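A.B. asks: After the structure tokens below, expect a handful of questions from me.
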Amino acid sequence: MRERDGAAEVALDATAFYPGGGGQPADTGSLGERSVVDAVEEEGILWHRLDGALEVGAAVTGRLDWARRFDHMQQHTGQHLLSRAFVDVAQADTTSFHLGDAIVTIDIEHAGPPADLLERVEARANEVVWEDRPVTIRWTTPEEAARLPLRKPPAVQGDLRIVELEAYDWSACGGTHVARTGQIGLIHLLGTERNKDGTRVTFVCGGRALRRLRDSGSLLRSLALAFTAGEADLPRAVARLKGDRAALERRLKPLLRDALEREAEALVAAAEQGVSWPVVAASWEGRDPSELGPLAAGITRRGAVALLFAAEHPGDPSRAHFAAPGGTISAGTLLGSLCRRHGGKGGGRPESAQGSIPADRVARALDDARAAALAGPDSELPG
């Protein structure tokens, strides 16, 4: 028993807990009445991290979180199989593996596999799953391992733990695995992204794949109901909706432009008069920040300084758009000073500047900006 980082850790004379490594997380579960929240191996000793202390020398029964362990077994064995399928079909080696709580990733040496190649890899991997081949684990000497067709050179010296998917894949691995490939159930590719010179492949196996497909099916059915269309008709329905929206936006654009011009005229007419120019200082919640630019332009065309803030949703940081006619103030200098004072970000040119201010500082920032703009070009923010 030892204490580390404020938590109790215990070593046993025998354990079934996996300590994590090689891309696979550690097991969790319980020892007696204590929960095992982590396990780590140090210098050949496996330490179980607990939520409380145990009596030294006591006999305890360990129980794995079997659902978690079996999930990890499905994902890890599925990774071996998928990595071999990438070699067979795409001539792409796997360079790294990570087993997360929701998804699994491998990095492969391929600059960008096309969709049809990924489909062939996925199909080949699932063929081997459904063949239900035995998965055997054995220890071998380095000399024996050298005679095996290992998918990649071992990363350790000495005797090796070899995981074999019968007559298909041989890998040196210390992780946990299912007994037969059929227990993987299904391997489902989710997507890819570029990763340095290669590609990161995201996938799920077994129970994770079932849940993912179930969720996708529920989503498709919900969308089909919303569009009153069959699932096969959804692409056409979405395309039609996008077309209708684009047509509506084309019709609304001139109406919005005219409305913003009228609003700018009204704001300038009601603006406070500064040393030599009027100042429009205003903020809104529930307004699209993209409207600030055209509105500020309309204000400056009428000879006034525009100090405008808008947030689309309450509590969001407020977008700021400052604009100033030539010969008045520097919008960029004023907004930059304001952001430094109020914890925002932004700046720009003398005639136009943009940024953002935290929601709880907008009222004070607006008052400071208004006071500085009304006082003249050489004024500083009020103390």
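By order in the structure tokens, chains are A, B, ...; within a chain, residues start at 1; ligands start at 1, following the order shown.
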If we count only C-alpha atoms, what is near Asp367 of chain A at a cut-off of 9 Å, once residues fewer than 5 positions away on the same chain are taken out, given as a PyMOL selection string?

C.D. replies: chain A and resi 281+362+372

A.B. asks: Can you tell me which residues surround segment 69-81 of chain A at a distance of at most 8 Å, considering only C-alpha atoms, apart from same-chain residues fewer than 6 positions away, and format the answer as number ranges by chain?

C.D. replies: A: 24, 27, 97, 99, 104, 106, 125, 128, 165, 169, 171, 175-178, 181, 183-185, 187, 204-208

A.B. asks: Residues of the last selection are to be written out with C-alpha atoms, as a PDB file, in the first residue's frame.

C.D. replies:
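And here's result_29.pdb as it stands now:
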```pdb
ATOM      1  CA  GLN A  24      -5.314   1.038 -24.533  1.00  0.00           C
ATOM      2  CA  ASP A  27      -9.105  -1.398 -16.442  1.00  0.00           C
ATOM      3  CA  PHE A  97      -3.200   3.676 -32.202  1.00  0.00           C
ATOM      4  CA  LEU A  99      -8.453   3.869 -27.872  1.00  0.00           C
ATOM      5  CA  VAL A 104     -10.752   4.649 -31.828  1.00  0.00           C
ATOM      6  CA  ILE A 106      -5.126   4.761 -36.060  1.00  0.00           C
ATOM      7  CA  ALA A 125     -11.766  -6.352 -42.277  1.00  0.00           C
ATOM      8  CA  VAL A 128     -12.256 -11.712 -41.378  1.00  0.00           C
ATOM      9  CA  LEU A 165      -5.479 -13.708 -35.694  1.00  0.00           C
ATOM     10  CA  ASP A 169      -2.179 -11.129 -38.534  1.00  0.00           C
ATOM     11  CA  SER A 171       1.567  -8.643 -33.715  1.00  0.00           C
ATOM     12  CA  GLY A 175      -3.132  -5.607 -24.581  1.00  0.00           C
ATOM     13  CA  THR A 176      -6.368  -7.487 -23.962  1.00  0.00           C
ATOM     14  CA  HIS A 177      -8.144  -9.269 -26.823  1.00  0.00           C
ATOM     15  CA  VAL A 178     -11.212 -11.347 -27.653  1.00  0.00           C
ATOM     16  CA  THR A 181     -12.606 -12.517 -34.436  1.00  0.00           C
ATOM     17  CA  GLN A 183     -16.544 -11.475 -31.001  1.00  0.00           C
ATOM     18  CA  ILE A 184     -15.467  -8.182 -32.574  1.00  0.00           C
ATOM     19  CA  GLY A 185     -18.928  -8.144 -34.150  1.00  0.00           C
ATOM     20  CA  ILE A 187     -15.831  -2.814 -37.703  1.00  0.00           C
ATOM     21  CA  VAL A 204     -15.541   1.821 -33.860  1.00  0.00           C
ATOM     22  CA  CYS A 205     -16.060  -1.893 -33.288  1.00  0.00           C
ATOM     23  CA  GLY A 206     -18.583  -4.227 -31.700  1.00  0.00           C
ATOM     24  CA  GLY A 207     -20.995  -2.633 -29.245  1.00  0.00           C
ATOM     25  CA  ARG A 208     -19.763   0.843 -30.129  1.00  0.00           C
TER      26      ARG A 208
END
```

A.B. asks: Applying 12 Å and only C-alpha atoms, which residues near Ala111 of chain A remain after dropping the ones on its own chain fewer than 6 positions away? List them as an MDAnalysis selection string.

C.D. replies: chainID A and resid 90:93 192:201

A.B. asks: Write down as a list in words the residues of segment 243-299 of chain A whose backbone DSSP state falls under strand (DSSP E).

C.D. replies: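 The strand (DSSP E) residues within segment 243-299 of chain A come out as Glu272, Gln273, Pro278, Val279, Val280, Ala281, Ala282, Ser283, Trp284 and Glu285 of chain A.
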
A.B. asks: Save out the residues we just selected, N, CA and C atoms, as a PDB file, in the first residue's frame.

C.D. replies:
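This is the output file again26.pdb:
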```
ATOM      1  N   GLU A 272     -25.428  61.589 -30.116  1.00  0.00           N
ATOM      2  CA  GLU A 272     -24.824  62.635 -29.286  1.00  0.00           C
ATOM      3  C   GLU A 272     -23.775  63.389 -30.098  1.00  0.00           C
ATOM      4  N   GLN A 273     -23.651  64.676 -29.850  1.00  0.00           N
ATOM      5  CA  GLN A 273     -22.682  65.494 -30.558  1.00  0.00           C
ATOM      6  C   GLN A 273     -21.394  65.582 -29.760  1.00  0.00           C
ATOM      7  N   PRO A 278     -20.786  63.799 -34.573  1.00  0.00           N
ATOM      8  CA  PRO A 278     -21.727  62.990 -33.795  1.00  0.00           C
ATOM      9  C   PRO A 278     -21.163  61.595 -33.542  1.00  0.00           C
ATOM     10  N   VAL A 279     -21.596  60.992 -32.440  1.00  0.00           N
ATOM     11  CA  VAL A 279     -21.132  59.658 -32.063  1.00  0.00           C
ATOM     12  C   VAL A 279     -22.356  58.761 -31.837  1.00  0.00           C
ATOM     13  N   VAL A 280     -22.421  57.661 -32.583  1.00  0.00           N
ATOM     14  CA  VAL A 280     -23.457  56.638 -32.392  1.00  0.00           C
ATOM     15  C   VAL A 280     -22.844  55.497 -31.599  1.00  0.00           C
ATOM     16  N   ALA A 281     -23.307  55.298 -30.381  1.00  0.00           N
ATOM     17  CA  ALA A 281     -22.830  54.214 -29.523  1.00  0.00           C
ATOM     18  C   ALA A 281     -24.027  53.364 -29.119  1.00  0.00           C
ATOM     19  N   ALA A 282     -24.021  52.082 -29.501  1.00  0.00           N
ATOM     20  CA  ALA A 282     -25.193  51.243 -29.248  1.00  0.00           C
ATOM     21  C   ALA A 282     -24.775  49.781 -29.112  1.00  0.00           C
ATOM     22  N   SER A 283     -25.590  49.026 -28.374  1.00  0.00           N
ATOM     23  CA  SER A 283     -25.363  47.585 -28.257  1.00  0.00           C
ATOM     24  C   SER A 283     -26.705  46.868 -28.309  1.00  0.00           C
ATOM     25  N   TRP A 284     -26.681  45.611 -28.811  1.00  0.00           N
ATOM     26  CA  TRP A 284     -27.896  44.811 -28.937  1.00  0.00           C
ATOM     27  C   TRP A 284     -27.612  43.376 -28.520  1.00  0.00           C
ATOM     28  N   GLU A 285     -28.619  42.733 -27.943  1.00  0.00           N
ATOM     29  CA  GLU A 285     -28.616  41.281 -27.769  1.00  0.00           C
ATOM     30  C   GLU A 285     -29.659  40.692 -28.711  1.00  0.00           C
TER      31      GLU A 285
END
```

A.B. asks: Report, in Å to a single decimal, how far apart atom CA of Glu312 of chain A and atom CA of Ser330 of chain A are.

C.D. replies: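 Taking atom CA of Ser330 of chain A as the start and atom CA of Glu312 of chain A as the end point, the length is 26.5 Å.
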